[in-house]
Amino acid sequence: MRKTYFPSLFCFFLVSLMYSQIQFANVANDLGADISPGLTSYGNGISFFDYNNDGWDDITISTADNNELRFFKNIYGVFVEQDFNLSYINYQTRCVVWVDFDNDGDNDLFVTSDTNGNKLLKNQGNMVFEDISATTGMITGNVFTFGASWGDYDNDGYLDVFLSNRTSIFSNILYKNNGDGTFTDVTMLAGINGSPVFSFCSAFLDINNDGHQDIYVSNDKFSYENKLYKNNGDGTFTDISVSSGTNIAIDAMSTTVGDYNKDGYFDIYITNSPSGNYLLKNNGDETFQNVAVSTGTSFDSIGWGAVFFEADNDSDLDLYVSGQLNGSQVGLLSAAFYENNNNNTFTLNNSCFPGDNGASYSNAVGDIDNDGLLDIVVSNDGQDIFLWKNMTLNSLHWIKLKLEGTQSNKNAIGARVEVSVNGEKQYGYKLCGEGYLGQNSNIMHFGLDDNVLIDYIKVFWPSGLEETYFNIQSNQILTLLEGSALGIDENAIDYGLTASPNPVTNLLKLESTEVIDTIEVFTVLGQRIIAVDGQHTIQNIDMSSLQSGAYILKASIKDKIEVIQVLKQ
């Protein structure tokens, strides 16, 4: 009996340890983050983003009128408030988004307001900020902005911004980043609706995996349908809201993106007032269907912020929803945690978040202590924030990815990632400014269940480059530099290498201040198709036989590598 009983007990113990109950605890007071954003109709925004690039997710809070922005630096899992001398921003703010708009390696700050106009604060490199709002070309007056989503709609390597303006006076605005510290309003030129539509939120995402970032917009009020703009790849968009089935007319608040069913196409979750939230399943053919009821995620309360995230590392995305109600209304939810059953359904499991009964609006996901278990910060109206630490005890594995663009924008916003373990795939998408007034960690996170080795990680960079990394160990934070799989070094010395014309039709002319030793041309899949011995400062490359598309050119100069992306017409 002992030989049969104890092994069974041991196996039961191991399974229990691997798949134990998900559990969160509010540790805001314990970790130095006991702060209220103030009292604001429709709430304030929150960011769980490593703003100083030290590897620890920090917290930034937008605030009510007569309150300053609040910044909490994460010091090895404990939060300490910082003062960045921004006391003049003491009015009602909505969204706080950290974004490296100029690709200089540090994070700048974009702040929206529906009372005093928006601010772009340039980081001088040492967390000292310069207000450059007046010189950017953006409207400095109040356009009633709530959400600000950043993405590279034209794939030029610079992040553009879409402003969601909740007003009957101004339309939403798409600003093109010119790469020189200025922006141009391209709303009408790009084909974005020029009428006011009472927008709360938007998201850049790639609905059809064609490498171009589309835009989905959530609009408040039944008279303004939500909008889906398909990117045509030429700097313009086509409104496919009706044909795609995404033109829902509700009190839409959040626009939350994730691949909940792991089919490789990104779905959209939209919060709503008591008539029910929407989960728009991406059918993979540029159409969507609402599966909120069949998946068990309709909420049926007053929803605001929402986020897909991996709560227990079992390799599927769970869903957390913040609600406006404070728990006193019988039969309605103040918040919801939906656990993914990995069969296209979710189970409501609010016992995982004891005491989650605040009047909550925005939320964001990060990792307080870099333990590989994701945590959540929630902005409450008129009371201290919730900082939900993931206390789940299991031995499941994970991988965290920090993507750095070289040809793409520095933060690799718009990158799509495929992770394969034992032939089972899951997918992630890099966003900047997502959900309702929220910003999640810059680090992508994937749960790996009980697997210790990843077959491969494939990154589809915004530049068009596709790279695959094989046999990756679990339980680590891995930095992936664009081009590293091809041996590209973004820190290589600049020898003034230029390629013209670019885009090229036939002959590509390379010029350098030093002798070019060798030249190689690769497809975006990493296949070398041209190899030339240079030995000149000027070298011509015949591209006439190549198909139209993007290529990566590597030039060896004095034992260093320079890289240029070339477009063939």
# chains A, B, ... in the order shown; residues from 1 in each chain; ligands from 1
>>> closest_atom_pairs(of="range 35-106 of chain A", to="range 371-387 of chain A", cutoff="12 Å", atoms="only C-alpha atoms", output="Markdown table")
| residue | atom | partner | partner_atom | distance |
| --- | --- | --- | --- | --- |
| A:Ile35 | CA | A:Asp384 | CA | 4.8 |
| A:Ser36 | CA | A:Asp384 | CA | 4.0 |
| A:Pro37 | CA | A:Gly382 | CA | 6.7 |
| A:Gly38 | CA | A:Gly382 | CA | 4.7 |
| A:Leu39 | CA | A:Gly382 | CA | 4.3 |
| A:Thr40 | CA | A:Asp381 | CA | 6.5 |
| A:Ser41 | CA | A:Asp381 | CA | 8.0 |
| A:Tyr42 | CA | A:Asp381 | CA | 8.2 |
| A:Gly43 | CA | A:Asp381 | CA | 5.7 |
| A:Asn44 | CA | A:Ser379 | CA | 6.8 |
| A:Gly45 | CA | A:Ser379 | CA | 6.9 |
| A:Ile46 | CA | A:Ser379 | CA | 6.4 |
| A:Ser47 | CA | A:Val377 | CA | 8.3 |
| A:Phe48 | CA | A:Val377 | CA | 7.1 |
| A:Phe49 | CA | A:Val377 | CA | 10.9 |
| A:Trp56 | CA | A:Asp371 | CA | 11.0 |
| A:Asp57 | CA | A:Asp375 | CA | 10.3 |
| A:Asp58 | CA | A:Val377 | CA | 10.5 |
| A:Ile59 | CA | A:Val377 | CA | 8.2 |
| A:Thr60 | CA | A:Val377 | CA | 10.2 |
| A:Ile61 | CA | A:Ser379 | CA | 7.9 |
| A:Ser62 | CA | A:Ser379 | CA | 9.1 |
| A:Thr63 | CA | A:Ser379 | CA | 9.7 |
| A:Ala64 | CA | A:Gly382 | CA | 9.1 |
| A:Asp65 | CA | A:Gly382 | CA | 12.0 |
| A:Arg70 | CA | A:Ile385 | CA | 11.9 |
| A:Tyr76 | CA | A:Asp371 | CA | 11.0 |
| A:Gly77 | CA | A:Asp371 | CA | 10.0 |
| A:Val78 | CA | A:Leu387 | CA | 11.5 |
| A:Phe79 | CA | A:Leu387 | CA | 10.9 |
| A:Arg94 | CA | A:Ser379 | CA | 11.3 |
| A:Cys95 | CA | A:Ser379 | CA | 11.5 |
>>> residues_around(residues="Phe460 in chain A", least_positions_apart="4", cutoff="8 Å", atoms="only C-alpha atoms", output="list in words")
Gly211, Ala415, Arg416, Val417, Gly464, Leu465, Glu466 and Glu467 of chain A
>>> closest_residue(among="A:Asn344, A:Asn247, A:Asn29, A:Ser223", to="Lys281 in chain A", atoms="only C-alpha atoms")
A:Asn344
>>> closest_residue(among="A:Asn370, A:Ser441, A:Thr145, A:Asn178", to="Leu159 in chain A", atoms="only C-alpha atoms")
A:Asn178
>>> residues_around(residues="range 346-354 of chain A", least_positions_apart="6", cutoff="6 Å", atoms="only C-alpha atoms", output="list in words")
Ile22, Gln23, Phe24, Thr295, Gly296, Ala336, Phe337, Tyr338, Glu339 and Asn340 of chain A
>>> write_last_selection(atoms="C-alpha atoms", output="PDB file, in the first residue's frame")
ATOM      1  CA  ILE A  22      -5.153  32.026  -9.103  1.00  0.00           C
ATOM      2  CA  GLN A  23      -4.923  34.601  -6.336  1.00  0.00           C
ATOM      3  CA  PHE A  24      -4.288  38.360  -6.210  1.00  0.00           C
ATOM      4  CA  THR A 295     -17.647  32.928 -24.233  1.00  0.00           C
ATOM      5  CA  GLY A 296     -19.157  34.123 -20.941  1.00  0.00           C
ATOM      6  CA  ALA A 336     -14.694  40.887 -13.289  1.00  0.00           C
ATOM      7  CA  PHE A 337     -11.906  38.365 -13.691  1.00  0.00           C
ATOM      8  CA  TYR A 338     -12.597  35.911 -16.486  1.00  0.00           C
ATOM      9  CA  GLU A 339     -10.375  32.836 -16.469  1.00  0.00           C
ATOM     10  CA  ASN A 340      -9.726  31.346 -19.898  1.00  0.00           C
TER      11      ASN A 340
END
>>> select_by_dssp(residues="range 200-361 of chain A", states="helix (DSSP H, G or I)", output="NGL selection string")
:A and (241-244 or 292-295 or 350-352)
>>> write_last_selection(atoms="N, CA, C and O atoms", output="PDB file, in the first residue's frame")
ATOM      1  N   SER A 241     -15.984  49.346 -41.485  1.00  0.00           N
ATOM      2  CA  SER A 241     -16.776  49.081 -40.288  1.00  0.00           C
ATOM      3  C   SER A 241     -17.991  48.215 -40.593  1.00  0.00           C
ATOM      4  O   SER A 241     -18.281  47.241 -39.885  1.00  0.00           O
ATOM      5  N   VAL A 242     -18.726  48.550 -41.643  1.00  0.00           N
ATOM      6  CA  VAL A 242     -19.960  47.829 -41.969  1.00  0.00           C
ATOM      7  C   VAL A 242     -19.643  46.432 -42.475  1.00  0.00           C
ATOM      8  O   VAL A 242     -20.196  45.432 -41.996  1.00  0.00           O
ATOM      9  N   SER A 243     -18.760  46.329 -43.456  1.00  0.00           N
ATOM     10  CA  SER A 243     -18.468  45.018 -44.052  1.00  0.00           C
ATOM     11  C   SER A 243     -17.807  44.068 -43.067  1.00  0.00           C
ATOM     12  O   SER A 243     -17.948  42.847 -43.185  1.00  0.00           O
ATOM     13  N   SER A 244     -17.091  44.616 -42.074  1.00  0.00           N
ATOM     14  CA  SER A 244     -16.394  43.772 -41.103  1.00  0.00           C
ATOM     15  C   SER A 244     -17.286  43.360 -39.937  1.00  0.00           C
ATOM     16  O   SER A 244     -16.917  42.475 -39.149  1.00  0.00           O
ATOM     17  N   ALA A 292     -19.328  37.496 -27.062  1.00  0.00           N
ATOM     18  CA  ALA A 292     -19.269  37.778 -25.623  1.00  0.00           C
ATOM     19  C   ALA A 292     -20.180  36.840 -24.835  1.00  0.00           C
ATOM     20  O   ALA A 292     -19.787  36.317 -23.783  1.00  0.00           O
ATOM     21  N   VAL A 293     -21.385  36.623 -25.327  1.00  0.00           N
ATOM     22  CA  VAL A 293     -22.319  35.766 -24.592  1.00  0.00           C
ATOM     23  C   VAL A 293     -21.848  34.318 -24.594  1.00  0.00           C
ATOM     24  O   VAL A 293     -21.805  33.650 -23.555  1.00  0.00           O
ATOM     25  N   SER A 294     -21.468  33.810 -25.764  1.00  0.00           N
ATOM     26  CA  SER A 294     -21.066  32.396 -25.852  1.00  0.00           C
ATOM     27  C   SER A 294     -19.770  32.111 -25.114  1.00  0.00           C
ATOM     28  O   SER A 294     -19.543  30.990 -24.641  1.00  0.00           O
ATOM     29  N   THR A 295     -18.900  33.128 -24.975  1.00  0.00           N
ATOM     30  CA  THR A 295     -17.647  32.928 -24.233  1.00  0.00           C
ATOM     31  C   THR A 295     -17.796  33.210 -22.751  1.00  0.00           C
ATOM     32  O   THR A 295     -16.904  32.893 -21.961  1.00  0.00           O
ATOM     33  N   ASN A 350     -14.295  35.836  -9.595  1.00  0.00           N
ATOM     34  CA  ASN A 350     -13.962  37.044  -8.849  1.00  0.00           C
ATOM     35  C   ASN A 350     -13.378  36.770  -7.477  1.00  0.00           C
ATOM     36  O   ASN A 350     -12.866  37.684  -6.827  1.00  0.00           O
ATOM     37  N   SER A 351     -13.429  35.525  -7.028  1.00  0.00           N
ATOM     38  CA  SER A 351     -12.798  35.200  -5.753  1.00  0.00           C
ATOM     39  C   SER A 351     -11.283  35.365  -5.814  1.00  0.00           C
ATOM     40  O   SER A 351     -10.624  35.448  -4.777  1.00  0.00           O
ATOM     41  N   CYS A 352     -10.750  35.438  -7.016  1.00  0.00           N
ATOM     42  CA  CYS A 352      -9.303  35.643  -7.184  1.00  0.00           C
ATOM     43  C   CYS A 352      -8.879  37.059  -6.784  1.00  0.00           C
ATOM     44  O   CYS A 352      -7.693  37.300  -6.544  1.00  0.00           O
TER      45      CYS A 352
END
>>> atom_distance(atom1="CA of Gly366 in chain A", atom2="CA of Glu310 in chain A")
10.8 Å
>>> select_by_dssp(residues="range 196-261 of chain A", states="strand (DSSP E)", output="list in words")
Ser199, Phe200, Cys201, Ser202, Ala203, Phe204, Leu205, Asp214, Ile215, Tyr216, Val217, Ser218, Asn219, Lys227, Leu228, Tyr229, Lys230, Asn231, Phe237, Thr238, Asp239, Thr256, Val257 and Gly258 of chain A
>>> write_last_selection(atoms="N, CA and C atoms", output="compact mmCIF listing (two decimals), in the first residue's frame")
# COMPACT_ATOMS: atom_id res chain seq x y z
N SER A 199 -15.43 59.98 -29.18
CA SER A 199 -14.57 58.81 -29.01
C SER A 199 -13.89 58.79 -27.66
N PHE A 200 -13.85 57.62 -27.05
CA PHE A 200 -13.12 57.41 -25.81
C PHE A 200 -11.73 56.81 -26.06
N CYS A 201 -11.64 55.92 -27.05
CA CYS A 201 -10.48 55.03 -27.09
C CYS A 201 -10.26 54.51 -28.50
N SER A 202 -9.01 54.18 -28.83
CA SER A 202 -8.69 53.55 -30.10
C SER A 202 -7.51 52.62 -29.92
N ALA A 203 -7.24 51.82 -30.92
CA ALA A 203 -6.07 50.94 -30.89
C ALA A 203 -5.56 50.73 -32.31
N PHE A 204 -4.24 50.78 -32.46
CA PHE A 204 -3.60 50.32 -33.70
C PHE A 204 -3.44 48.81 -33.59
N LEU A 205 -3.91 48.08 -34.59
CA LEU A 205 -3.70 46.64 -34.63
C LEU A 205 -3.71 46.20 -36.08
N ASP A 214 -3.86 48.76 -38.81
CA ASP A 214 -5.21 49.27 -38.95
C ASP A 214 -5.59 50.00 -37.65
N ILE A 215 -6.75 50.64 -37.64
CA ILE A 215 -7.19 51.40 -36.45
C ILE A 215 -8.63 51.05 -36.13
N TYR A 216 -8.87 50.71 -34.85
CA TYR A 216 -10.24 50.51 -34.40
C TYR A 216 -10.55 51.57 -33.35
N VAL A 217 -11.74 52.18 -33.45
CA VAL A 217 -12.12 53.30 -32.59
C VAL A 217 -13.43 52.98 -31.88
N SER A 218 -13.42 53.14 -30.54
CA SER A 218 -14.63 52.98 -29.74
C SER A 218 -15.27 54.34 -29.49
N ASN A 219 -16.55 54.46 -29.86
CA ASN A 219 -17.28 55.72 -29.73
C ASN A 219 -18.40 55.61 -28.70
N LYS A 227 -15.75 52.45 -35.33
CA LYS A 227 -15.15 52.50 -36.65
C LYS A 227 -13.94 51.56 -36.75
N LEU A 228 -13.84 50.85 -37.86
CA LEU A 228 -12.65 50.07 -38.19
C LEU A 228 -12.09 50.58 -39.50
N TYR A 229 -10.85 51.09 -39.44
CA TYR A 229 -10.18 51.62 -40.62
C TYR A 229 -9.10 50.64 -41.06
N LYS A 230 -9.26 50.11 -42.28
CA LYS A 230 -8.27 49.20 -42.84
C LYS A 230 -7.17 50.00 -43.52
N ASN A 231 -5.93 49.68 -43.17
CA ASN A 231 -4.76 50.34 -43.74
C ASN A 231 -4.53 49.82 -45.15
N PHE A 237 -6.49 54.95 -45.46
CA PHE A 237 -7.31 53.93 -44.84
C PHE A 237 -8.66 53.85 -45.55
N THR A 238 -9.27 52.67 -45.47
CA THR A 238 -10.64 52.48 -45.95
C THR A 238 -11.52 52.09 -44.77
N ASP A 239 -12.65 52.74 -44.64
CA ASP A 239 -13.60 52.43 -43.57
C ASP A 239 -14.32 51.13 -43.93
N THR A 256 -9.78 46.83 -26.40
CA THR A 256 -8.78 45.93 -25.83
C THR A 256 -8.44 44.83 -26.83
N VAL A 257 -7.16 44.65 -27.12
CA VAL A 257 -6.72 43.76 -28.19
C VAL A 257 -5.99 42.55 -27.62
N GLY A 258 -6.31 41.37 -28.14
CA GLY A 258 -5.61 40.15 -27.75
C GLY A 258 -6.12 38.98 -28.56
>>> residues_around(residues="Asp259 in chain A", least_positions_apart="5", cutoff="8 Å", atoms="only C-alpha atoms", output="PyMOL selection string")
chain A and resi 264-267+317+426-428
>>> write_last_selection(atoms="all heavy atoms", output="short mmCIF file (atom, residue, chain, number, x, y, z; two decimals), in the first residue's frame")
data_model
loop_
_atom_site.label_atom_id
_atom_site.label_comp_id
_atom_site.auth_asym_id
_atom_site.auth_seq_id
_atom_site.Cartn_x
_atom_site.Cartn_y
_atom_site.Cartn_z
N GLY A 264 -4.10 33.12 -34.23
CA GLY A 264 -3.20 33.96 -35.02
C GLY A 264 -3.81 35.25 -35.50
O GLY A 264 -3.12 36.05 -36.16
N TYR A 265 -5.08 35.49 -35.17
CA TYR A 265 -5.75 36.73 -35.56
C TYR A 265 -6.23 37.45 -34.30
O TYR A 265 -6.81 36.82 -33.41
CB TYR A 265 -6.93 36.46 -36.50
CG TYR A 265 -6.50 35.99 -37.86
CD1 TYR A 265 -6.39 34.62 -38.14
CD2 TYR A 265 -6.17 36.90 -38.86
CE1 TYR A 265 -5.97 34.18 -39.38
CE2 TYR A 265 -5.74 36.47 -40.11
CZ TYR A 265 -5.64 35.10 -40.37
OH TYR A 265 -5.23 34.67 -41.60
N PHE A 266 -6.01 38.75 -34.24
CA PHE A 266 -6.24 39.49 -33.00
C PHE A 266 -7.68 39.95 -32.89
O PHE A 266 -8.26 40.51 -33.81
CB PHE A 266 -5.25 40.66 -32.90
CG PHE A 266 -3.84 40.17 -32.76
CD1 PHE A 266 -3.00 40.10 -33.85
CD2 PHE A 266 -3.38 39.74 -31.53
CE1 PHE A 266 -1.71 39.62 -33.72
CE2 PHE A 266 -2.09 39.25 -31.39
CZ PHE A 266 -1.25 39.18 -32.49
N ASP A 267 -8.23 39.68 -31.71
CA ASP A 267 -9.63 39.96 -31.40
C ASP A 267 -9.73 41.27 -30.61
O ASP A 267 -8.72 41.79 -30.11
CB ASP A 267 -10.19 38.79 -30.59
CG ASP A 267 -9.81 37.44 -31.19
OD1 ASP A 267 -10.24 37.16 -32.32
OD2 ASP A 267 -9.04 36.69 -30.55
N LEU A 317 -4.82 33.45 -22.62
CA LEU A 317 -5.07 34.81 -22.14
C LEU A 317 -6.34 34.88 -21.32
O LEU A 317 -7.42 34.48 -21.78
CB LEU A 317 -5.17 35.78 -23.32
CG LEU A 317 -3.88 36.12 -24.06
CD1 LEU A 317 -4.18 37.08 -25.22
CD2 LEU A 317 -2.84 36.72 -23.14
N GLN A 426 1.05 30.49 -29.80
CA GLN A 426 0.29 31.62 -29.26
C GLN A 426 0.90 32.90 -29.81
O GLN A 426 2.05 32.90 -30.28
CB GLN A 426 0.28 31.61 -27.73
CG GLN A 426 1.64 31.52 -27.07
CD GLN A 426 1.52 31.46 -25.56
OE1 GLN A 426 0.90 32.30 -24.94
NE2 GLN A 426 2.14 30.44 -24.95
N TYR A 427 0.13 33.99 -29.76
CA TYR A 427 0.51 35.19 -30.48
C TYR A 427 0.34 36.43 -29.61
O TYR A 427 -0.57 36.51 -28.77
CB TYR A 427 -0.35 35.34 -31.75
CG TYR A 427 -0.26 34.16 -32.68
CD1 TYR A 427 -1.09 33.04 -32.49
CD2 TYR A 427 0.66 34.12 -33.72
CE1 TYR A 427 -1.01 31.95 -33.33
CE2 TYR A 427 0.74 33.02 -34.56
CZ TYR A 427 -0.08 31.94 -34.36
OH TYR A 427 0.00 30.84 -35.19
N GLY A 428 1.23 37.38 -29.80
CA GLY A 428 1.16 38.66 -29.10
C GLY A 428 1.36 39.81 -30.06
O GLY A 428 1.98 39.65 -31.12
#
>>> closest_atom_pairs(of="range 383-433 of chain A", to="range 476-485 of chain A", cutoff="10 Å", atoms="only C-alpha atoms", output="JSON lines")
{"residue": "A:His397", "atom": "CA", "partner": "A:Gln476", "partner_atom": "CA", "distance": 9.4}
{"residue": "A:Trp398", "atom": "CA", "partner": "A:Gln476", "partner_atom": "CA", "distance": 7.5}
{"residue": "A:Ile399", "atom": "CA", "partner": "A:Gln476", "partner_atom": "CA", "distance": 5.6}
{"residue": "A:Lys400", "atom": "CA", "partner": "A:Ile477", "partner_atom": "CA", "distance": 4.6}
{"residue": "A:Leu401", "atom": "CA", "partner": "A:Leu478", "partner_atom": "CA", "distance": 4.9}
{"residue": "A:Lys402", "atom": "CA", "partner": "A:Thr479", "partner_atom": "CA", "distance": 4.6}
{"residue": "A:Leu403", "atom": "CA", "partner": "A:Leu480", "partner_atom": "CA", "distance": 5.0}
{"residue": "A:Glu404", "atom": "CA", "partner": "A:Leu481", "partner_atom": "CA", "distance": 4.9}
{"residue": "A:Gly405", "atom": "CA", "partner": "A:Glu482", "partner_atom": "CA", "distance": 5.1}
{"residue": "A:Thr406", "atom": "CA", "partner": "A:Glu482", "partner_atom": "CA", "distance": 5.6}
{"residue": "A:Gln407", "atom": "CA", "partner": "A:Glu482", "partner_atom": "CA", "distance": 7.3}
{"residue": "A:Ser408", "atom": "CA", "partner": "A:Glu482", "partner_atom": "CA", "distance": 7.8}
{"residue": "A:Lys410", "atom": "CA", "partner": "A:Glu482", "partner_atom": "CA", "distance": 9.4}
{"residue": "A:Ala412", "atom": "CA", "partner": "A:Glu482", "partner_atom": "CA", "distance": 8.6}
>>> closest_residue(among="A:Val197, A:Ile454, A:Val307, A:Leu431", to="Lys221 in chain A", atoms="only C-alpha atoms")
A:Val197
>>> residues_around(residues="Val321 in chain A", least_positions_apart="4", cutoff="6 Å", atoms="only C-alpha atoms", output="list in words")
Gly305, Ala306, Ala335 and Ala336 of chain A
>>> write_last_selection(atoms="all heavy atoms", output="compact mmCIF listing (two decimals), in the first residue's frame")
# COMPACT_ATOMS: atom_id res chain seq x y z
N GLY A 305 -12.31 50.10 -18.20
CA GLY A 305 -11.06 49.52 -18.67
C GLY A 305 -11.10 48.00 -18.70
O GLY A 305 -11.79 47.36 -17.90
N ALA A 306 -10.36 47.41 -19.64
CA ALA A 306 -10.26 45.96 -19.73
C ALA A 306 -8.90 45.60 -20.29
O ALA A 306 -8.30 46.38 -21.05
CB ALA A 306 -11.37 45.38 -20.61
N ALA A 335 -16.38 44.66 -10.86
CA ALA A 335 -15.24 44.28 -11.68
C ALA A 335 -15.41 42.81 -12.02
O ALA A 335 -16.29 42.13 -11.47
CB ALA A 335 -13.92 44.52 -10.95
N ALA A 336 -14.59 42.30 -12.93
CA ALA A 336 -14.69 40.89 -13.29
C ALA A 336 -13.33 40.33 -13.68
O ALA A 336 -12.56 40.99 -14.40
CB ALA A 336 -15.68 40.70 -14.43
